[in-house]
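Shown next: model_39.txt, containing compact mmCIF, C-alpha atoms (C1' of nucleotides).
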```txt
# COMPACT_ATOMS: atom_id res chain seq x y z
CA MET A 1 -23.09 -72.55 -58.50
CA SER A 2 -26.74 -73.21 -58.83
CA LEU A 3 -28.21 -71.32 -61.76
CA LYS A 4 -27.22 -74.46 -63.65
CA HIS A 5 -29.21 -76.61 -61.28
CA ALA A 6 -32.17 -74.26 -61.21
CA ILE A 7 -32.31 -74.53 -65.00
CA LEU A 8 -32.16 -78.31 -64.78
CA VAL A 9 -35.10 -78.23 -62.38
CA LEU A 10 -37.13 -76.09 -64.76
CA LEU A 11 -36.30 -78.24 -67.78
CA GLU A 12 -36.84 -81.50 -65.96
CA THR A 13 -40.60 -81.53 -66.51
CA GLU A 14 -40.71 -79.98 -69.98
CA PRO A 15 -38.29 -78.62 -72.60
CA GLY A 16 -38.14 -74.90 -73.32
CA SER A 17 -36.26 -72.01 -74.90
CA GLY A 18 -34.25 -69.37 -73.07
CA TYR A 19 -37.21 -67.06 -73.05
CA ASP A 20 -39.50 -69.79 -71.74
CA LEU A 21 -37.08 -70.32 -68.90
CA LEU A 22 -37.00 -66.64 -68.10
CA LYS A 23 -40.75 -66.75 -67.66
CA ARG A 24 -40.62 -69.93 -65.62
CA PHE A 25 -38.08 -68.37 -63.30
CA LYS A 26 -40.39 -65.45 -62.69
CA GLU A 27 -43.49 -67.58 -62.22
CA ARG A 28 -42.10 -70.43 -60.21
CA LEU A 29 -38.82 -69.60 -58.53
CA GLY A 30 -39.33 -65.84 -58.43
CA TYR A 31 -39.13 -65.49 -54.69
CA PHE A 32 -35.98 -67.44 -54.10
CA TRP A 33 -34.09 -67.41 -57.36
CA ASN A 34 -33.42 -64.61 -59.79
CA ALA A 35 -31.86 -64.86 -63.20
CA SER A 36 -31.46 -62.35 -65.99
CA HIS A 37 -31.99 -63.34 -69.60
CA GLN A 38 -28.31 -62.77 -70.34
CA GLN A 39 -27.27 -65.21 -67.66
CA ILE A 40 -29.79 -67.78 -68.84
CA TYR A 41 -28.79 -67.71 -72.51
CA LEU A 42 -25.13 -68.03 -71.55
CA GLN A 43 -25.77 -70.88 -69.14
CA LEU A 44 -27.87 -72.76 -71.71
CA LYS A 45 -25.03 -72.52 -74.21
CA ASN A 46 -22.52 -73.81 -71.68
CA MET A 47 -24.77 -76.59 -70.47
CA ASN A 48 -25.45 -77.68 -74.01
CA GLN A 49 -21.71 -77.87 -74.64
CA ALA A 50 -21.26 -79.80 -71.41
CA GLY A 51 -23.87 -82.34 -72.54
CA LEU A 52 -26.37 -81.62 -69.78
CA LEU A 53 -28.87 -80.35 -72.33
CA GLN A 54 -29.59 -80.99 -75.94
CA CYS A 55 -30.83 -78.33 -78.26
CA GLU A 56 -33.28 -78.48 -81.12
CA GLN A 57 -33.31 -75.51 -83.46
CA GLN A 58 -36.68 -74.49 -84.84
CA PRO A 59 -36.28 -72.08 -87.76
CA GLN A 60 -38.61 -69.08 -87.64
CA VAL A 61 -39.43 -66.54 -90.33
CA GLY A 62 -37.96 -63.09 -89.73
CA LYS A 63 -36.69 -64.06 -86.29
CA PRO A 64 -33.64 -65.79 -84.90
CA ASP A 65 -34.05 -69.55 -84.61
CA ARG A 66 -35.99 -70.73 -81.61
CA LYS A 67 -33.66 -72.98 -79.65
CA VAL A 68 -35.55 -75.45 -77.55
CA TYR A 69 -33.47 -77.13 -74.86
CA LYS A 70 -34.21 -80.51 -73.37
CA ILE A 71 -32.56 -82.17 -70.40
CA THR A 72 -30.33 -85.15 -71.24
CA HIS A 73 -29.74 -88.29 -69.22
CA SER A 74 -26.46 -86.82 -68.05
CA GLY A 75 -28.30 -83.64 -67.07
CA HIS A 76 -30.80 -85.59 -65.05
CA GLU A 77 -28.00 -87.43 -63.26
CA ALA A 78 -26.26 -84.15 -62.47
CA LEU A 79 -29.50 -82.76 -61.04
CA LEU A 80 -30.07 -85.73 -58.75
CA GLU A 81 -26.48 -85.65 -57.59
CA TRP A 82 -26.81 -81.97 -56.74
CA ILE A 83 -30.05 -82.41 -54.82
CA GLU A 84 -28.54 -85.22 -52.80
CA SER A 85 -25.39 -83.35 -51.79
CA PRO A 86 -25.64 -80.85 -48.95
CA ALA A 87 -26.09 -77.15 -49.71
CA LYS A 88 -24.45 -74.35 -47.78
CA VAL A 89 -26.62 -72.15 -45.63
CA SER A 90 -27.20 -69.15 -47.85
CA ARG A 91 -25.92 -65.93 -46.39
CA VAL A 92 -27.43 -62.63 -47.30
CA ASN A 93 -25.67 -59.38 -48.09
CA ASP A 94 -28.32 -56.80 -47.36
CA ALA A 95 -27.29 -53.24 -48.11
CA LEU A 96 -30.41 -51.81 -46.46
CA LEU A 97 -29.27 -53.14 -43.10
CA VAL A 98 -25.79 -51.72 -43.54
CA LYS A 99 -27.44 -48.34 -44.06
CA MET A 100 -29.65 -48.86 -41.08
CA TYR A 101 -26.65 -49.67 -38.96
CA ALA A 102 -25.03 -46.38 -39.92
CA GLY A 103 -28.27 -44.43 -40.02
CA HIS A 104 -27.16 -42.07 -37.25
CA LEU A 105 -24.99 -40.32 -39.85
CA VAL A 106 -28.00 -38.91 -41.69
CA ASP A 107 -31.42 -37.45 -40.93
CA LYS A 108 -33.71 -40.22 -39.76
CA HIS A 109 -36.34 -39.32 -42.35
CA ILE A 110 -33.99 -40.52 -45.06
CA ILE A 111 -33.87 -43.95 -43.49
CA LEU A 112 -37.60 -43.93 -42.85
CA GLN A 113 -38.37 -43.06 -46.46
CA GLU A 114 -36.14 -45.83 -47.68
CA ILE A 115 -37.89 -48.32 -45.39
CA LEU A 116 -41.29 -47.19 -46.66
CA GLN A 117 -40.18 -47.70 -50.26
CA HIS A 118 -38.92 -51.20 -49.56
CA LYS A 119 -42.05 -51.94 -47.56
CA LYS A 120 -44.20 -51.33 -50.65
CA VAL A 121 -42.23 -53.93 -52.59
CA HIS A 122 -42.42 -56.49 -49.78
CA GLN A 123 -46.13 -55.88 -49.27
CA ALA A 124 -46.72 -56.40 -53.00
CA MET A 125 -44.75 -59.64 -52.92
CA LEU A 126 -46.70 -60.86 -49.93
CA ASN A 127 -49.97 -60.11 -51.72
CA THR A 128 -48.84 -62.10 -54.74
CA PHE A 129 -47.86 -65.02 -52.54
CA LEU A 130 -51.14 -64.95 -50.64
CA THR A 131 -53.05 -65.06 -53.91
CA LEU A 132 -51.03 -68.07 -55.00
CA GLU A 133 -51.60 -69.69 -51.64
CA GLU A 134 -55.34 -69.32 -51.95
CA LYS A 135 -55.21 -70.84 -55.41
CA TYR A 136 -53.39 -73.84 -53.99
CA LEU A 137 -55.72 -74.23 -51.03
CA ASN A 138 -58.72 -74.31 -53.38
CA MET A 139 -57.31 -77.14 -55.47
CA GLU A 140 -58.74 -80.61 -55.28
CA ALA A 141 -56.84 -83.03 -53.09
CA GLN A 142 -55.36 -84.86 -56.06
CA GLU A 143 -53.96 -81.76 -57.74
CA LYS A 144 -52.82 -80.40 -54.40
CA ALA A 145 -50.64 -83.43 -53.79
CA GLY A 146 -48.57 -82.68 -56.88
CA TYR A 147 -47.78 -79.17 -55.69
CA ALA A 148 -46.97 -79.90 -52.08
CA LEU A 149 -43.27 -79.07 -52.28
CA PRO A 150 -43.65 -75.93 -54.39
CA PHE A 151 -46.30 -74.91 -51.87
CA LEU A 152 -43.77 -75.25 -49.06
CA THR A 153 -41.43 -72.90 -50.92
CA LEU A 154 -44.35 -70.50 -51.23
CA ARG A 155 -44.88 -70.73 -47.47
CA LYS A 156 -41.24 -69.74 -47.04
CA GLY A 157 -41.95 -66.66 -49.10
CA ILE A 158 -45.03 -65.81 -47.07
CA LEU A 159 -43.39 -66.26 -43.67
CA GLY A 160 -40.33 -64.36 -44.85
CA GLU A 161 -42.30 -61.38 -46.13
CA GLN A 162 -44.51 -61.28 -43.06
CA ALA A 163 -41.40 -61.20 -40.87
CA TRP A 164 -40.01 -58.39 -43.01
CA LEU A 165 -43.18 -56.36 -42.62
CA ASP A 166 -43.32 -57.00 -38.87
CA TRP A 167 -39.79 -55.68 -38.66
CA ALA A 168 -40.72 -52.62 -40.70
CA VAL A 169 -43.38 -51.78 -38.11
CA GLU A 170 -40.74 -51.83 -35.36
CA VAL A 171 -38.52 -49.59 -37.45
CA GLU A 172 -41.34 -47.14 -38.13
CA VAL A 173 -42.24 -46.98 -34.47
CA PHE A 174 -38.68 -46.08 -33.66
CA LEU A 175 -38.14 -43.58 -36.46
CA THR A 176 -41.35 -41.59 -36.10
CA MET B 1 -21.05 -52.21 -54.93
CA SER B 2 -21.54 -52.19 -51.19
CA LEU B 3 -18.63 -53.99 -49.60
CA LYS B 4 -16.98 -50.66 -50.13
CA HIS B 5 -19.70 -48.88 -48.20
CA ALA B 6 -19.81 -51.49 -45.47
CA ILE B 7 -16.08 -50.93 -44.95
CA LEU B 8 -16.63 -47.18 -44.81
CA VAL B 9 -19.27 -47.73 -42.13
CA LEU B 10 -16.88 -49.84 -40.07
CA LEU B 11 -14.01 -47.37 -40.43
CA GLU B 12 -16.17 -44.33 -39.79
CA THR B 13 -15.94 -44.62 -36.01
CA GLU B 14 -12.38 -45.88 -35.73
CA PRO B 15 -9.44 -46.80 -37.99
CA GLY B 16 -8.37 -50.39 -38.38
CA SER B 17 -6.39 -52.96 -40.34
CA GLY B 18 -7.78 -55.54 -42.72
CA TYR B 19 -7.85 -58.11 -40.00
CA ASP B 20 -9.59 -55.73 -37.60
CA LEU B 21 -12.27 -55.21 -40.23
CA LEU B 22 -12.71 -58.92 -40.71
CA LYS B 23 -13.47 -59.20 -37.00
CA ARG B 24 -15.79 -56.20 -37.06
CA PHE B 25 -17.73 -57.71 -39.94
CA LYS B 26 -18.27 -60.87 -37.94
CA GLU B 27 -19.18 -59.09 -34.72
CA ARG B 28 -21.33 -56.30 -36.04
CA LEU B 29 -22.64 -56.97 -39.53
CA GLY B 30 -22.44 -60.73 -39.35
CA TYR B 31 -26.09 -61.40 -39.93
CA PHE B 32 -26.56 -59.21 -42.96
CA TRP B 33 -23.17 -58.79 -44.52
CA ASN B 34 -20.45 -61.30 -45.21
CA ALA B 35 -16.96 -60.63 -46.40
CA SER B 36 -13.91 -62.84 -46.76
CA HIS B 37 -10.47 -61.61 -45.81
CA GLN B 38 -9.40 -61.76 -49.44
CA GLN B 39 -12.18 -59.46 -50.49
CA ILE B 40 -11.44 -57.05 -47.67
CA TYR B 41 -7.71 -56.74 -48.35
CA LEU B 42 -8.39 -56.17 -52.02
CA GLN B 43 -11.09 -53.58 -51.37
CA LEU B 44 -8.89 -51.72 -48.90
CA LYS B 45 -6.15 -51.48 -51.50
CA ASN B 46 -8.57 -50.18 -54.12
CA MET B 47 -10.21 -47.74 -51.76
CA ASN B 48 -6.86 -46.42 -50.66
CA GLN B 49 -5.92 -45.84 -54.30
CA ALA B 50 -9.27 -44.15 -54.88
CA GLY B 51 -8.60 -41.77 -51.99
CA LEU B 52 -11.48 -42.95 -49.82
CA LEU B 53 -9.05 -44.21 -47.20
CA GLN B 54 -5.58 -43.36 -46.10
CA CYS B 55 -3.14 -45.93 -44.89
CA GLU B 56 -0.53 -45.79 -42.18
CA GLN B 57 2.06 -48.55 -42.19
CA GLN B 58 3.24 -49.77 -38.81
CA PRO B 59 6.35 -51.93 -39.14
CA GLN B 60 6.32 -55.12 -37.10
CA VAL B 61 9.09 -57.53 -36.26
CA GLY B 62 8.95 -60.87 -38.06
CA LYS B 63 5.56 -60.02 -39.59
CA PRO B 64 4.31 -58.11 -42.59
CA ASP B 65 3.66 -54.43 -41.86
CA ARG B 66 0.41 -53.70 -40.12
CA LYS B 67 -1.52 -51.37 -42.41
CA VAL B 68 -4.00 -49.29 -40.51
CA TYR B 69 -6.63 -47.64 -42.69
CA LYS B 70 -8.49 -44.46 -41.80
CA ILE B 71 -11.45 -42.92 -43.57
CA THR B 72 -10.70 -39.68 -45.47
CA HIS B 73 -12.95 -36.69 -45.98
CA SER B 74 -13.70 -37.95 -49.46
CA GLY B 75 -14.53 -41.36 -47.99
CA HIS B 76 -16.93 -39.80 -45.52
CA GLU B 77 -18.63 -37.88 -48.32
CA ALA B 78 -18.95 -41.05 -50.39
CA LEU B 79 -20.52 -42.84 -47.44
CA LEU B 80 -23.12 -40.12 -46.84
CA GLU B 81 -23.96 -40.00 -50.53
CA TRP B 82 -24.47 -43.74 -50.58
CA ILE B 83 -26.70 -43.77 -47.50
CA GLU B 84 -28.83 -41.01 -48.98
CA SER B 85 -29.38 -42.64 -52.34
CA PRO B 86 -31.98 -45.41 -52.58
CA ALA B 87 -30.92 -49.04 -52.37
CA LYS B 88 -32.42 -51.82 -54.42
CA VAL B 89 -34.54 -54.38 -52.67
CA SER B 90 -32.11 -57.23 -52.11
CA ARG B 91 -33.13 -60.42 -53.81
CA VAL B 92 -32.05 -63.76 -52.52
CA ASN B 93 -30.82 -66.75 -54.47
CA ASP B 94 -31.53 -69.63 -52.14
CA ALA B 95 -30.36 -72.99 -53.39
CA LEU B 96 -32.16 -74.84 -50.58
CA LEU B 97 -35.51 -73.70 -51.91
CA VAL B 98 -34.63 -74.76 -55.44
CA LYS B 99 -33.94 -78.22 -54.04
CA MET B 100 -37.15 -78.15 -52.09
CA TYR B 101 -39.07 -77.25 -55.22
CA ALA B 102 -37.66 -80.28 -57.00
CA GLY B 103 -37.68 -82.51 -53.93
CA HIS B 104 -40.10 -85.00 -55.51
CA LEU B 105 -37.16 -86.32 -57.55
CA VAL B 106 -35.48 -87.84 -54.50
CA ASP B 107 -36.41 -89.66 -51.32
CA LYS B 108 -38.01 -87.24 -48.92
CA HIS B 109 -35.61 -88.15 -46.13
CA ILE B 110 -32.84 -86.52 -48.10
CA ILE B 111 -34.69 -83.23 -48.07
CA LEU B 112 -35.66 -83.64 -44.45
CA GLN B 113 -32.06 -84.28 -43.41
CA GLU B 114 -30.92 -81.21 -45.26
CA ILE B 115 -33.56 -79.09 -43.54
CA LEU B 116 -32.51 -80.42 -40.15
CA GLN B 117 -28.89 -79.51 -40.85
CA HIS B 118 -29.81 -75.99 -41.86
CA LYS B 119 -32.12 -75.70 -38.89
CA LYS B 120 -29.22 -76.24 -36.52
CA VAL B 121 -27.36 -73.32 -38.05
CA HIS B 122 -30.39 -71.03 -37.92
CA GLN B 123 -31.17 -72.03 -34.35
CA ALA B 124 -27.58 -71.25 -33.36
CA MET B 125 -27.79 -67.86 -35.03
CA LEU B 126 -31.06 -67.09 -33.29
CA ASN B 127 -29.50 -67.98 -29.94
CA THR B 128 -26.60 -65.65 -30.59
CA PHE B 129 -28.96 -62.84 -31.52
CA LEU B 130 -31.13 -63.39 -28.46
CA THR B 131 -28.07 -63.18 -26.23
CA LEU B 132 -27.09 -59.91 -27.88
CA GLU B 133 -30.63 -58.64 -27.50
CA GLU B 134 -30.62 -59.33 -23.80
CA LYS B 135 -27.32 -57.52 -23.45
CA TYR B 136 -28.85 -54.50 -25.15
CA LEU B 137 -32.04 -54.59 -23.10
CA ASN B 138 -30.00 -54.61 -19.88
CA MET B 139 -28.07 -51.48 -20.84
CA GLU B 140 -28.73 -48.18 -19.13
CA ALA B 141 -30.96 -45.78 -21.05
CA GLN B 142 -28.04 -43.59 -22.07
CA GLU B 143 -25.94 -46.38 -23.54
CA LYS B 144 -29.02 -47.92 -25.12
CA ALA B 145 -29.71 -44.77 -27.11
CA GLY B 146 -26.39 -45.03 -28.92
CA TYR B 147 -27.15 -48.56 -30.09
CA ALA B 148 -30.72 -48.06 -31.21
CA LEU B 149 -30.10 -48.50 -34.93
CA PRO B 150 -27.76 -51.49 -34.60
CA PHE B 151 -30.41 -52.94 -32.29
CA LEU B 152 -32.97 -52.61 -35.07
CA THR B 153 -30.71 -54.58 -37.40
CA LEU B 154 -30.45 -57.19 -34.67
CA ARG B 155 -34.25 -57.31 -34.49
CA LYS B 156 -34.25 -58.02 -38.22
CA GLY B 157 -31.99 -60.95 -37.60
CA ILE B 158 -34.19 -62.27 -34.80
CA LEU B 159 -37.45 -61.94 -36.73
CA GLY B 160 -35.83 -63.44 -39.82
CA GLU B 161 -34.46 -66.47 -37.99
CA GLN B 162 -37.69 -67.05 -36.12
CA ALA B 163 -39.58 -67.03 -39.42
CA TRP B 164 -37.06 -69.50 -40.83
CA LEU B 165 -37.55 -71.85 -37.88
CA ASP B 166 -41.35 -71.54 -38.06
CA TRP B 167 -41.10 -72.52 -41.70
CA ALA B 168 -38.88 -75.48 -40.84
CA VAL B 169 -41.61 -76.77 -38.54
CA GLU B 170 -44.10 -76.71 -41.41
CA VAL B 171 -41.62 -78.56 -43.59
CA GLU B 172 -40.98 -81.19 -40.94
CA VAL B 173 -44.68 -81.75 -40.42
CA PHE B 174 -45.08 -82.37 -44.11
CA LEU B 175 -42.03 -84.57 -44.57
CA THR B 176 -42.48 -86.89 -41.59
C1' DC C 1 -46.50 -43.38 -83.67
C1' DT C 2 -44.97 -45.04 -79.66
C1' DC C 3 -44.79 -48.34 -76.10
C1' DT C 4 -44.60 -52.86 -74.45
C1' DC C 5 -43.83 -57.53 -75.11
C1' DC C 6 -41.70 -61.25 -77.74
C1' DA C 7 -37.10 -63.21 -78.59
C1' DT C 8 -32.29 -63.60 -79.14
C1' DG C 9 -27.79 -62.74 -78.13
C1' DT C 10 -22.47 -60.47 -77.20
C1' DA C 11 -18.99 -57.83 -74.53
C1' DA C 12 -17.07 -55.43 -70.84
C1' DC C 13 -16.97 -55.04 -66.27
C1' DT C 14 -17.64 -55.82 -61.25
C1' DG C 15 -18.09 -58.67 -57.40
C1' DG C 16 -17.00 -62.78 -55.02
C1' DT C 17 -15.00 -67.60 -54.19
C1' DT C 18 -11.38 -70.99 -54.05
C1' DA C 19 -6.91 -72.15 -53.93
C1' DC C 20 -2.38 -71.02 -52.85
C1' DA C 21 1.24 -68.97 -49.83
C1' DT C 22 3.70 -67.70 -45.52
C1' DG C 23 4.91 -67.60 -40.79
C1' DA C 24 4.45 -66.15 -35.63
C1' DT C 25 1.98 -66.84 -31.21
C1' DT C 26 -1.12 -68.89 -27.87
C1' DG C 27 -3.85 -72.54 -25.52
C1' DG C 28 -4.84 -77.26 -24.44
C1' DC D 1 2.96 -81.48 -30.31
C1' DC D 2 -1.05 -79.94 -32.54
C1' DA D 3 -4.68 -76.95 -33.42
C1' DA D 4 -6.38 -72.51 -33.53
C1' DT D 5 -5.84 -67.84 -34.07
C1' DC D 6 -3.26 -63.86 -35.54
C1' DA D 7 -2.02 -61.53 -39.84
C1' DT D 8 -1.11 -60.69 -44.50
C1' DG D 9 -1.56 -61.11 -49.20
C1' DT D 10 -1.78 -62.95 -54.76
C1' DA D 11 -3.89 -65.38 -58.73
C1' DA D 12 -7.16 -67.89 -61.18
C1' DC D 13 -11.57 -68.57 -61.78
C1' DC D 14 -16.65 -68.28 -61.56
C1' DA D 15 -20.97 -65.65 -61.16
C1' DG D 16 -23.66 -61.84 -62.10
C1' DT D 17 -24.71 -56.97 -63.80
C1' DT D 18 -24.85 -53.34 -67.15
C1' DA D 19 -24.64 -51.81 -71.53
C1' DC D 20 -25.15 -52.67 -76.23
C1' DA D 21 -27.54 -54.70 -80.30
C1' DT D 22 -31.41 -56.24 -83.31
C1' DG D 23 -35.95 -56.62 -85.03
C1' DG D 24 -41.08 -58.29 -85.36
C1' DA D 25 -46.05 -58.05 -83.51
C1' DG D 26 -49.80 -56.13 -81.24
C1' DA D 27 -52.16 -52.52 -78.26
C1' DG D 28 -53.61 -47.94 -77.45
```

Please rewrite the model in this file as structure tokens.
Amino acid sequence: MSLKHAILVLLETEPGSGYDLLKRFKERLGYFWNASHQQIYLQLKNMNQAGLLQCEQQPQVGKPDRKVYKITHSGHEALLEWIESPAKVSRVNDALLVKMYAGHLVDKHIILQEILQHKKVHQAMLNTFLTLEEKYLNMEAQEKAGYALPFLTLRKGILGEQAWLDWAVEVEVFLT
Amino acid sequence: MSLKHAILVLLETEPGSGYDLLKRFKERLGYFWNASHQQIYLQLKNMNQAGLLQCEQQPQVGKPDRKVYKITHSGHEALLEWIESPAKVSRVNDALLVKMYAGHLVDKHIILQEILQHKKVHQAMLNTFLTLEEKYLNMEAQEKAGYALPFLTLRKGILGEQAWLDWAVEVEVFLT
DNA sequence: CTCTCCATGTAACTGGTTACATGATTGG
DNA sequence: CCAATCATGTAACCAGTTACATGGAGAG
């Protein structure tokens, strides 16, 4: 299970609350890791209990306390251990392809419409990634160096989305 | 969710036992849908109870009964309804990219080794897909027509794996 | 005044994995 | 003889989603 480790990664550089983490997930790991706020709050509680994080409560007026979590030494150790041990090849379960496979059962326009809807989402993601890429490429050498690995994950996103869109073209050609 | 629907797809053309389905998953939906035998047996039981499938028990000597499941009318309806209603864009949770993102915490050879391991698996998958593609391309026009949609899902696999391997090259260039 | 964002959480449920369990047959 | 494959399942656990719940602040 890796939500735990993803949280450790995001807290490794700076402490943050559950909500902060939610935002960081969207900004930084958005393409390859998703987490809902419910999952995050629960995980933080568990990880705090397990001693991977420590929590500082900041009282707020008219709001629930702001709980800022910080990685502990034990948390840092756990993170390194995880990075160093091999990960399984992640296998997808893609419902769209199951539909595609059985598409002969319905009118082909239904499948085509579905593809076009998904295409919009993938095109939008690609655009976001390309904007981020440009930002990176315009950085000064020094700043660039610090973002090299995140940039490689961005490249994964770009190549993945481009492949998706190339595939969509093949599908459209066949279905129209 | 969709394991249910994937099973309906696989039983739509011909009945089969849990073990038959396990094999069909591997052969036909392998790239985009994974299911363990435990999941399948459980689902079949539930779907039988829900009236989507009917089960015929074939007694066997020295073995548990062979339970052959067949899609019912209600199951067929459920399948069509599912295909016709929009699917969410599937979002990946890829632990390898989380590691990559935080790769600065460890020696870069650790990340490189991990990439090389994963690359082997992706290369093997691509080879399998390319073999299947060739098989399809050598079919006669008539037979080809019947496999057009499954062929498109195969194309997705091919484009996806090629993109993965292209990305791996970029990673290797950076890490060596 | 309503909508969106900020900010936090609990509870029930569904989906999926890991571990356990059994035993025959086939191929090297 | 040993490993793999055939063939079936249960139980405990872990991960993730959906629904529910609350309430302030700022924008239009």

Which residues are near DG15 in chain C? Cut-off 10 Å, all atoms listed in the file, ignore same chain within fewer than 2 positions. Put them as an mmCIF file with C-alpha atoms (C1' of nucleotides), keeping the file's coordinate frame.
```cif
data_model
loop_
_atom_site.group_PDB
_atom_site.id
_atom_site.type_symbol
_atom_site.label_atom_id
_atom_site.label_comp_id
_atom_site.auth_asym_id
_atom_site.auth_seq_id
_atom_site.Cartn_x
_atom_site.Cartn_y
_atom_site.Cartn_z
ATOM 1 C CA MET B 1 -21.050 -52.210 -54.930
ATOM 2 C CA SER B 2 -21.540 -52.190 -51.190
ATOM 3 C CA LEU B 3 -18.630 -53.990 -49.600
ATOM 4 C CA GLN B 39 -12.180 -59.460 -50.490
ATOM 5 C "C1'" DC C 13 -16.970 -55.040 -66.270
ATOM 6 C "C1'" DT C 17 -15.000 -67.600 -54.190
ATOM 7 C "C1'" DA D 15 -20.970 -65.650 -61.160
ATOM 8 C "C1'" DG D 16 -23.660 -61.840 -62.100
ATOM 9 C "C1'" DT D 17 -24.710 -56.970 -63.800
#
```

Distance filter 6 Å, all atoms listed in the file, chain B against chain A, as a list in words: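 So the residues of chain B near chain A are Phe32, Trp33, Ile83, Val92, Asn93, Asp94, Lys99, Tyr101, Leu149, Pro150, Leu159 and Ala163 of chain B.
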
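Atom pair CA of Glu134 in chain A / CA of Thr176 in chain B: separated by 24.1 Å.
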
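Selecting chain B residues within 10 Å of chain D and counting all atoms listed in the file yields B:Ser17, B:Gly18, B:Tyr19, B:Asp20, B:His37, B:Gln38, B:Tyr41, B:Leu42, B:Lys63, B:Pro64, B:Asp65, B:Arg66, B:Lys67.
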
For the interface of chain C with chain A (cut-off 10 Å, counting only C-alpha atoms (C1' of nucleotides)), please tabulate each contacting residue of chain C alongside its nearest pair of atoms and their separation in Å to one decimal, rows sorted by chain and increasing number, as CSV.
```
residue,atom,partner,partner_atom,distance
C:DC6,C1',A:Tyr19,CA,8.7
C:DA7,C1',A:Tyr19,CA,6.7
C:DT8,C1',A:Pro64,CA,6.3
C:DG9,C1',A:Tyr41,CA,7.6
C:DT10,C1',A:Gln38,CA,9.3
```

Pick from B:Gln43, B:Ser36, B:Val68, B:Leu21 nearest to Lys4 in chain B, counting all atoms listed in the file: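 Closest to Lys4 in chain B of all the choices is B:Gln43.
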
Residues within 6 Å of (-14.6, -45.1, -47.5), counting all atoms listed in the file, listed as a CSV table (one decimal) with C-alpha atoms, in the coordinates of the input:
```csv
chain,number,residue,atom,x,y,z
B,8,LEU,CA,-16.6,-47.2,-44.8
B,52,LEU,CA,-11.5,-43.0,-49.8
B,53,LEU,CA,-9.0,-44.2,-47.2
B,71,ILE,CA,-11.4,-42.9,-43.6
B,75,GLY,CA,-14.5,-41.4,-48.0
```

Could you state the separation of CA of Glu56 in chain B and CA of Pro15 in chain B in Å, given to one decimal place?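 Answer for the CA of Glu56 in chain B to CA of Pro15 in chain B separation: 9.9 Å.
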